[in-house]
file data_25.cif (mmCIF, C-alpha atoms)
data_model
#
loop_
_atom_site.label_atom_id
_atom_site.label_comp_id
_atom_site.auth_asym_id
_atom_site.auth_seq_id
_atom_site.Cartn_x
_atom_site.Cartn_y
_atom_site.Cartn_z
CA MET A 24 84.80 215.81 183.36
CA VAL A 25 84.80 213.43 180.46
CA GLU A 26 83.59 210.02 181.43
CA GLU A 27 84.42 206.97 179.48
CA ARG A 28 81.35 204.92 178.55
CA PRO A 29 81.35 201.58 180.30
CA ARG A 30 82.18 198.64 178.09
CA ALA A 31 79.80 195.71 177.91
CA SER A 32 82.20 193.68 180.01
CA ASP A 33 82.00 196.24 182.81
CA ARG A 34 78.37 195.58 183.28
CA LEU A 35 78.21 191.92 184.00
CA PRO A 36 77.20 191.80 187.63
CA SER A 37 78.94 188.45 188.00
CA LYS A 38 82.28 190.05 187.24
CA ALA A 39 82.66 191.85 190.51
CA ASP A 40 86.10 193.14 189.63
CA ASP A 41 84.71 195.20 186.81
CA PHE A 42 82.19 196.80 189.10
CA LEU A 43 82.80 200.54 189.20
CA PRO A 44 81.05 201.62 192.36
CA HIS A 45 82.03 205.25 192.55
CA ARG A 46 80.79 206.11 189.14
CA TRP A 47 77.57 204.24 189.66
CA ALA A 48 76.98 205.88 192.99
CA ALA A 49 77.53 209.26 191.36
CA HIS A 50 75.10 208.38 188.61
CA ALA A 51 72.51 207.20 191.07
CA ALA A 52 72.78 210.47 192.95
CA ALA A 53 72.56 212.42 189.72
CA ALA A 54 69.48 210.50 188.67
CA TYR A 55 67.99 211.23 192.03
CA ASN A 56 68.37 214.96 191.45
CA HIS A 57 67.22 214.86 187.85
CA ARG A 58 63.63 214.17 187.03
CA CYS A 59 62.75 212.28 183.93
CA PRO A 60 61.28 214.80 181.52
CA ASP A 61 57.58 214.26 180.95
CA GLY A 62 58.15 213.32 177.38
CA TYR A 63 60.34 210.44 178.38
CA PRO A 64 58.82 206.99 177.91
CA LEU A 65 56.71 205.90 180.84
CA ALA A 66 58.50 202.58 181.03
CA CYS A 67 61.74 204.36 181.70
CA ARG A 68 60.29 206.61 184.36
CA GLN A 69 58.85 203.56 186.06
CA SER A 70 62.13 201.74 186.10
CA VAL A 71 63.86 204.75 187.57
CA ARG A 72 61.15 205.05 190.16
CA TYR A 73 61.66 201.39 190.95
CA THR A 74 65.38 201.93 191.34
CA LEU A 75 64.90 204.93 193.56
CA ASN A 76 62.29 203.24 195.69
CA HIS A 77 64.72 200.47 196.15
CA MET A 78 67.55 202.79 197.05
CA VAL A 79 65.65 205.10 199.33
CA GLN A 80 65.71 202.36 201.92
CA PHE A 81 69.37 203.14 202.35
CA SER A 82 70.41 206.64 203.26
CA ARG A 83 72.88 208.19 200.88
CA PRO A 84 75.84 208.41 203.25
CA ARG A 85 75.37 204.73 204.00
CA LEU A 86 75.13 203.91 200.35
CA ASP A 87 78.36 205.79 199.72
CA ALA A 88 80.04 203.95 202.58
CA SER A 89 78.87 200.63 201.12
CA PHE A 90 80.07 201.45 197.66
CA ALA A 91 83.42 202.57 198.99
CA ALA A 92 83.70 199.43 201.10
CA LEU A 93 82.87 197.20 198.16
CA SER A 94 85.20 198.92 195.74
CA ASP A 95 88.12 196.82 196.89
CA ALA A 96 88.68 193.21 195.81
CA THR A 97 90.19 192.20 199.17
CA ARG A 98 87.23 193.56 201.06
CA ARG A 99 84.79 191.72 198.80
CA GLY A 100 86.88 188.61 199.43
CA VAL A 101 86.64 189.16 203.18
CA LEU A 102 82.83 189.40 202.92
CA GLU A 103 82.72 186.19 200.93
CA GLN A 104 84.95 184.50 203.47
CA LEU A 105 82.78 185.68 206.38
CA GLY A 106 79.74 184.44 204.51
CA ARG A 107 81.21 180.98 204.93
CA ALA A 108 82.37 181.29 208.53
CA ASP A 109 83.29 183.85 211.16
CA ALA A 110 87.00 184.52 211.36
CA SER A 111 89.54 186.41 213.43
CA ILE A 112 91.54 189.28 211.98
CA THR A 113 94.62 187.06 212.18
CA ASP A 114 92.87 184.33 210.14
CA LEU A 115 91.83 186.87 207.54
CA ALA A 116 95.29 188.44 207.36
CA GLU A 117 96.80 185.02 206.72
CA LYS A 118 94.22 184.05 204.16
CA PHE A 119 94.71 187.23 202.18
CA HIS A 120 98.51 187.30 202.66
CA MET A 121 98.45 190.60 204.47
CA THR A 122 99.85 192.24 207.54
CA LEU A 123 97.65 192.43 210.58
CA THR A 124 97.59 196.22 210.30
CA GLY A 125 96.51 196.07 206.65
CA MET A 126 93.67 193.68 207.42
CA LYS A 127 92.58 195.77 210.41
CA LYS A 128 92.15 198.73 208.07
CA HIS A 129 90.04 196.75 205.62
CA VAL A 130 87.87 195.35 208.38
CA GLY A 131 87.49 198.87 209.76
CA VAL A 132 86.11 200.12 206.43
CA LEU A 133 83.69 197.20 206.24
CA GLU A 134 82.62 197.75 209.83
CA GLN A 135 82.02 201.43 209.18
CA ALA A 136 79.65 200.49 206.36
CA GLY A 137 77.79 198.03 208.60
CA LEU A 138 78.85 195.13 206.43
CA VAL A 139 80.94 193.50 209.13
CA ALA A 140 80.60 193.35 212.90
CA THR A 141 83.54 192.61 215.18
CA LYS A 142 83.83 191.51 218.75
CA LYS A 143 86.90 191.29 220.91
CA VAL A 144 87.19 188.32 223.20
CA GLY A 145 90.43 188.32 225.17
CA ARG A 146 93.11 189.12 222.66
CA VAL A 147 91.25 187.90 219.61
CA ARG A 148 88.99 190.10 217.51
CA THR A 149 86.37 187.97 215.72
CA CYS A 150 84.64 189.24 212.59
CA LYS A 151 81.26 188.22 211.22
CA LEU A 152 78.86 189.60 208.67
CA GLY A 153 77.26 192.78 209.92
CA PRO A 154 73.61 193.75 210.33
CA ARG A 155 73.69 195.55 207.01
CA ARG A 156 74.12 192.27 205.10
CA LEU A 157 71.02 190.87 206.69
CA GLU A 158 69.05 194.01 205.87
CA GLU A 159 70.17 193.73 202.29
CA GLU A 160 69.10 190.15 202.08
CA THR A 161 65.70 191.07 203.48
CA ALA A 162 65.39 193.95 201.01
CA TRP A 163 66.42 191.72 198.14
CA LEU A 164 63.91 189.04 199.12
CA GLU A 165 61.18 191.68 199.28
CA GLY A 166 62.13 192.97 195.84
CA TYR A 167 62.10 189.42 194.53
CA ARG A 168 58.71 188.81 196.12
CA GLN A 169 57.30 191.95 194.51
CA LEU A 170 58.62 190.87 191.14
CA TRP A 171 56.85 187.54 191.38
CA ALA A 172 53.72 189.04 192.92
CA SER A 173 53.31 191.36 189.95
CA ARG A 174 53.97 188.53 187.50
CA PHE A 175 51.41 186.39 189.27
CA ASP A 176 48.84 189.19 189.27
CA GLU A 177 49.10 189.17 185.48
CA LEU A 178 49.02 185.38 185.45
CA ASP A 179 45.75 185.58 187.41
CA LYS A 180 44.20 187.34 184.43
CA VAL A 181 45.39 184.65 182.02
CA VAL A 182 44.11 181.88 184.29
CA GLU A 183 40.76 183.64 184.72
CA GLU A 184 40.38 184.07 180.99
CA LEU A 185 41.28 180.47 180.20
CA THR A 186 38.97 179.16 182.93
CA ARG A 187 36.10 181.22 181.59
CA LYS A 188 36.84 180.08 178.05
CA GLU A 189 36.94 176.45 179.15
CA LYS A 190 33.53 176.81 180.80
CA VAL A 191 32.03 178.32 177.65
CA ASP A 192 33.61 175.66 175.43
CA GLY A 193 32.43 172.91 177.77
CA ARG A 194 28.90 174.27 177.61
CA LYS A 195 29.04 174.36 173.81
CA LYS A 196 30.22 170.76 173.68
CA ARG A 197 27.38 169.59 175.87
CA GLU A 198 24.79 171.36 173.74
CA MET B 2 26.46 189.97 187.02
CA ASP B 3 26.68 192.73 189.58
CA ALA B 4 28.57 190.52 191.96
CA ARG B 5 31.12 189.83 189.29
CA ARG B 6 31.62 193.46 188.44
CA GLU B 7 32.23 194.10 192.10
CA SER B 8 34.84 191.38 192.29
CA GLU B 9 36.52 192.89 189.27
CA THR B 10 36.81 196.36 190.73
CA THR B 11 38.12 195.13 194.06
CA PRO B 12 40.09 192.03 193.20
CA VAL B 13 41.43 190.18 196.19
CA LYS B 14 44.87 189.02 195.21
CA ASN B 15 46.27 185.85 196.62
CA PRO B 16 49.44 186.50 198.58
CA THR B 17 52.88 185.65 197.21
CA THR B 18 55.46 184.47 199.71
CA VAL B 19 59.22 184.21 199.35
CA GLU B 20 61.50 182.41 201.71
CA ARG B 21 65.16 181.54 201.76
CA LYS B 22 64.61 177.96 202.83
CA SER B 23 68.26 177.09 203.24
CA GLU B 24 71.69 178.30 202.26
CA ARG B 25 71.07 177.16 198.68
CA GLU B 26 67.29 177.39 198.28
CA LEU B 27 64.69 180.03 197.55
CA VAL B 28 61.01 179.16 197.62
CA VAL B 29 58.15 181.22 196.20
CA THR B 30 54.51 180.18 196.75
CA ARG B 31 51.22 181.43 195.37
CA THR B 32 47.68 180.08 194.97
CA PHE B 33 45.71 180.55 191.75
CA ASN B 34 41.95 180.45 191.36
CA GLY B 35 41.90 177.88 188.61
CA PRO B 36 42.66 174.23 187.93
CA ALA B 37 46.26 173.00 187.65
CA ARG B 38 45.94 172.15 183.95
CA ILE B 39 45.17 175.79 183.17
CA VAL B 40 47.95 177.23 185.34
CA PHE B 41 50.33 174.70 183.83
CA GLU B 42 49.22 175.70 180.34
CA ALA B 43 50.01 179.34 181.12
CA TRP B 44 53.57 178.33 182.06
CA THR B 45 54.19 176.14 179.07
CA LYS B 46 52.69 177.90 176.06
CA PRO B 47 55.00 180.72 174.96
CA GLU B 48 52.11 182.84 173.69
CA LEU B 49 50.56 182.71 177.18
CA LEU B 50 53.85 182.95 179.06
CA LYS B 51 54.69 186.24 177.43
CA ARG B 52 51.42 187.76 178.55
CA TRP B 53 52.46 187.70 182.19
CA TRP B 54 56.24 187.23 182.47
CA ALA B 55 57.06 190.93 182.02
CA PRO B 56 54.39 192.97 183.82
CA LYS B 57 54.13 196.61 182.83
CA SER B 58 55.35 197.80 186.21
CA PHE B 59 58.81 196.41 185.43
CA GLY B 60 59.44 198.99 182.78
CA VAL B 61 60.88 196.29 180.57
CA SER B 62 59.18 194.37 177.80
CA LEU B 63 59.65 190.91 176.42
CA LEU B 64 61.21 191.19 172.99
CA SER B 65 60.98 187.50 172.37
CA CYS B 66 59.85 184.45 174.23
CA GLU B 67 60.71 181.00 172.95
CA ALA B 68 59.96 177.93 175.04
CA ASP B 69 60.10 174.40 173.75
CA VAL B 70 58.56 172.80 176.80
CA ARG B 71 59.61 169.15 176.69
CA VAL B 72 62.45 167.24 178.30
CA GLY B 73 65.67 168.54 176.74
CA GLY B 74 63.86 171.45 175.08
CA THR B 75 65.27 174.94 175.52
CA TYR B 76 63.85 178.34 176.35
CA ARG B 77 65.11 181.82 175.68
CA LEU B 78 63.55 185.02 176.98
CA VAL B 79 64.83 188.36 175.75
CA PHE B 80 63.93 191.50 177.65
CA GLY B 81 64.22 194.91 176.13
CA HIS B 82 64.29 198.38 177.53
CA ALA B 83 63.95 201.71 175.79
CA ALA B 84 67.43 202.79 176.69
CA SER B 85 69.55 199.73 177.27
CA LYS B 86 70.82 196.58 175.67
CA PRO B 87 68.51 193.56 175.63
CA MET B 88 69.00 190.96 178.36
CA GLU B 89 68.73 187.27 177.73
CA PHE B 90 67.68 184.46 180.00
CA PHE B 91 67.98 180.91 178.78
CA GLY B 92 68.21 177.29 179.81
CA ARG B 93 66.84 173.82 179.29
CA TYR B 94 63.84 171.90 180.55
CA ILE B 95 64.96 168.79 182.36
CA GLU B 96 61.61 167.53 183.60
CA VAL B 97 58.14 168.13 182.24
CA THR B 98 55.22 166.34 183.90
CA PRO B 99 51.96 167.72 182.55
CA HIS B 100 49.87 169.67 185.03
CA SER B 101 52.08 168.93 188.01
CA ARG B 102 55.80 169.59 187.62
CA LEU B 103 58.34 171.57 185.58
CA VAL B 104 62.10 171.63 186.10
CA TRP B 105 64.52 173.81 184.19
CA THR B 106 68.06 175.11 184.31
CA ASN B 107 69.09 178.79 184.31
CA GLU B 108 72.22 179.03 182.22
CA GLU B 109 72.64 182.74 181.45
CA GLY B 110 74.90 183.20 184.48
CA GLY B 111 77.24 180.29 183.74
CA ASP B 112 77.90 177.67 186.39
CA GLY B 113 76.31 179.59 189.24
CA GLY B 114 72.78 179.28 187.87
CA ALA B 115 69.95 177.74 189.86
CA VAL B 116 67.79 174.79 188.90
CA THR B 117 64.16 175.84 189.11
CA THR B 118 61.40 173.39 190.02
CA VAL B 119 57.79 174.47 189.78
CA THR B 120 55.06 172.24 191.15
CA PHE B 121 51.32 172.66 190.60
CA GLU B 122 49.05 171.13 193.20
CA GLU B 123 45.30 171.27 192.68
CA GLU B 124 42.80 171.30 195.49
CA GLY B 125 39.15 172.25 195.26
CA GLY B 126 39.55 173.89 191.86
CA LYS B 127 42.47 176.03 193.06
CA THR B 128 46.13 175.49 192.39
CA LEU B 129 48.96 175.89 194.84
CA LEU B 130 52.11 176.79 192.95
CA VAL B 131 55.51 176.29 194.57
CA MET B 132 58.58 177.57 192.78
CA HIS B 133 61.83 176.29 194.15
CA ASP B 134 65.26 177.60 193.09
CA LEU B 135 68.17 175.40 194.06
CA TYR B 136 71.57 177.07 193.68
CA PRO B 137 74.74 175.01 193.26
CA SER B 138 76.25 176.50 196.43
CA LYS B 139 75.62 178.95 199.22
CA GLU B 140 78.06 181.31 197.51
CA ALA B 141 76.03 181.24 194.30
CA LEU B 142 72.82 182.28 196.05
CA ASP B 143 74.66 184.84 198.20
CA GLY B 144 76.18 186.16 194.99
CA ALA B 145 72.80 186.44 193.30
CA ILE B 146 71.49 188.37 196.28
CA ALA B 147 74.57 190.58 196.55
CA SER B 148 74.55 191.45 192.86
CA GLY B 149 70.91 192.44 193.10
CA SER B 150 70.92 194.25 196.39
CA THR B 151 74.05 196.27 196.96
CA GLY B 152 72.52 199.44 195.67
CA GLY B 153 71.10 197.35 192.85
CA MET B 154 74.17 197.00 190.72
CA GLY B 155 73.79 195.13 187.50
CA GLU B 156 70.65 195.69 185.55
CA THR B 157 69.27 198.65 187.42
CA PHE B 158 72.45 200.61 187.26
CA GLU B 159 72.95 199.68 183.68
CA GLN B 160 69.57 201.27 183.04
CA LEU B 161 70.51 204.35 184.99
CA ASP B 162 73.75 204.54 183.09
CA GLU B 163 71.91 204.51 179.80
CA LEU B 164 69.28 206.91 181.02
CA LEU B 165 71.85 209.44 182.09
CA VAL B 166 73.41 209.37 178.66
CA VAL B 167 70.00 210.10 177.17
CA LEU B 168 69.29 212.83 179.69
CA GLY B 169 72.73 214.30 179.12
CA ALA B 170 72.14 214.36 175.40
CA ASN B 171 68.79 216.10 175.88
CA VAL B 172 70.30 218.73 178.13
CA GLY B 173 72.99 219.33 175.54
CA ARG B 174 70.41 219.96 172.86
CA SER B 175 68.06 222.28 174.70
#

call {"tool": "encode", "arguments": {"input": "data_25.cif", "output": "structure tokens"}}
result
Amino acid sequence: MVEERPRASDRLPSKADDFLPHRWAAHAAAAYNHRCPDGYPLACRQSVRYTLNHMVQFSRPRLDASFAALSDATRRGVLEQLGRADASITDLAEKFHMTLTGMKKHVGVLEQAGLVATKKVGRVRTCKLGPRRLEEETAWLEGYRQLWASRFDELDKVVEELTRKEKVDGRKKRE
Amino acid sequence: MDARRESETTPVKNPTTVERKSERELVVTRTFNGPARIVFEAWTKPELLKRWWAPKSFGVSLLSCEADVRVGGTYRLVFGHAASKPMEFFGRYIEVTPHSRLVWTNEEGGDGGAVTTVTFEEEGGKTLLVMHDLYPSKEALDGAIASGSTGGMGETFEQLDELLVVLGANVGRS
């Protein structure tokens, strides 16, 4: 299979519509099965290890389900909408100019992936963000914390060195 | 002397905490074993900043680090990776109060960027650092989290993408 190389514009994470989840999921799985050859730069192996460590938290079927769920612009819109407020399927169908049946399908896919949770009260099915979103936020915050913790560990060394230098210089001045 | 060697082999690191304080705010805290003027210096001199901003464990290196730390001054950090395009982070300092407070914008992501405030508070020779990111909206912070967490799209996958090309090329040759 010949794959087209992604263009620079495909890669901007902010442009969600250019996000090509299936290909990336396939690549991630391929990278998982490959090992970096020993001769490959250490930096690269570390970044792959980082990626994999990050991904291992999610089982592969779940990851696939998430990617599939997020591959659709309407479904991403629904998640955004639910991030603002819970909504019924009817509300969502109206907002996205869709039939009730069409919206039910989308919500079903999101629910399957754990991204949305629904609850039926009387005749109304209410949707809210699912447990998976919260897990992701927690995982992201932990990744962010680790990033800063490792920066700060390096900063410790700089602070220690400058403090020591200041003490030596101060002593010299007093002499 | 011996005591110091011991503390060097088993360094006790101060904990780093991260909290989503509100819909629009992220707060990171950390204490440093040194006076505020020194910690502040390490944040404001580019030659010091680049010694710690890209730790080795990231697998990326800082290609360049410019920071004109004064009100209205700009900064630009460029990260490089063996197998991918450089990434740039840039913005402007909007408040610089020596040894106690730094505020800057994050403009690489367009309008959705946070305003970062770092405060340095000295007590008993130690410095409590609080880094506060304020996003323009809940959606902007949610977006930042989503782009970084859903299987790590964005940077990480870009790296994988590039890596696979390299691996593919190697396989083709051998």

call {"tool": "resolve_selection", "arguments": {"input": "data_25.cif", "expression": "the PyMOL selection byres ((chain B and resi 121) around 8)", "output": "list in words"}}
result
Ala37, Val40, Phe41, His100, Ser101, Arg102, Val119, Thr120, Glu122, Glu123, Thr128, Leu129, Leu130 and Val131 of chain B

call {"tool": "closest_residue", "arguments": {"input": "data_25.cif", "among": "A:Glu165, A:Asp114, A:Glu103, A:Glu159", "to": "Glu20 in chain B", "atoms": "only C-alpha atoms"}}
result
A:Glu165

call {"tool": "resolve_selection", "arguments": {"input": "data_25.cif", "expression": "the PyMOL selection byres ((chain B and resi 94) around 8)", "output": "list in words"}}
result
Val70, Arg71, Val72, Gly73, Gly74, Thr75, Tyr76, Gly92, Arg93, Ile95, Glu96, Val97, Leu103, Val104, Trp105 and Thr106 of chain B

call {"tool": "atom_distance", "arguments": {"input": "data_25.cif", "atom1": "CA of Lys127 in chain A", "atom2": "CA of Ala141 in chain B"}}
result
27.3 Å

call {"tool": "atom_distance", "arguments": {"input": "data_25.cif", "atom1": "CA of Pro16 in chain B", "atom2": "CA of Gly81 in chain B"}}
result
28.2 Å

call {"tool": "residues_near_point", "arguments": {"input": "data_25.cif", "point": "(53.7, 178.6, 176.5)", "cutoff": "12 Å", "atoms": "all atoms listed in the file", "output": "ChimeraX atom specification"}}
result
/A:181 /B:39-54,66-71,76-78

call {"tool": "residues_around", "arguments": {"input": "data_25.cif", "residues": "Leu102 in chain A", "least_positions_apart": "4", "cutoff": "12 Å", "atoms": "all atoms listed in the file", "output": "ChimeraX atom specification"}}
result
/A:92-93,95-98,106-110,115,129-130,132-134,137-140,150-153,155-156 /B:140,143-144,147

call {"tool": "atom_distance", "arguments": {"input": "data_25.cif", "atom1": "CA of Gly35 in chain B", "atom2": "CA of Glu183 in chain A"}}
result
7.0 Å

call {"tool": "closest_residue", "arguments": {"input": "data_25.cif", "among": "B:Glu124, B:Val79, B:Lys139, B:Glu26", "to": "chain A", "atoms": "only C-alpha atoms"}}
result
B:Lys139

call {"tool": "residues_around", "arguments": {"input": "data_25.cif", "residues": "Met126 in chain A", "least_positions_apart": "4", "cutoff": "7 Å", "atoms": "all atoms listed in the file", "output": "list in words"}}
result
Ile112, Ala116, Met121, Thr122 and Val130 of chain A

call {"tool": "write_last_selection", "arguments": {"input": "data_25.cif", "atoms": "C-alpha atoms", "output": "PDB file, keeping the file's coordinate frame"}}
result
ATOM      1  CA  ILE A 112      91.540 189.280 211.980  1.00  0.00           C
ATOM      2  CA  ALA A 116      95.290 188.440 207.360  1.00  0.00           C
ATOM      3  CA  MET A 121      98.450 190.600 204.470  1.00  0.00           C
ATOM      4  CA  THR A 122      99.850 192.240 207.540  1.00  0.00           C
ATOM      5  CA  VAL A 130      87.870 195.350 208.380  1.00  0.00           C
TER       6      VAL A 130
END

call {"tool": "closest_residue", "arguments": {"input": "data_25.cif", "among": "A:Asp192, A:Gln104, A:Leu185, A:Ser111", "to": "Lys143 in chain A", "atoms": "only C-alpha atoms"}}
result
A:Ser111

call {"tool": "closest_residue", "arguments": {"input": "data_25.cif", "among": "A:Val144, A:Val191, A:Leu105, A:Leu123", "to": "chain B", "atoms": "all atoms listed in the file"}}
result
A:Leu105

call {"tool": "resolve_selection", "arguments": {"input": "data_25.cif", "expression": "the PyMOL selection byres ((chain B and resi 28) around 12)", "output": "JSON, numbers by chain"}}
result
{"A": [164, 167, 168, 171], "B": [17, 18, 19, 20, 21, 22, 23, 24, 25, 26, 27, 29, 30, 31, 115, 116, 117, 118, 119, 120, 130, 131, 132, 133, 134, 135, 136]}

call {"tool": "closest_residue", "arguments": {"input": "data_25.cif", "among": "A:Lys195, A:Thr149, A:Thr186, A:Asp176", "to": "Val13 in chain B", "atoms": "only C-alpha atoms"}}
result
A:Asp176
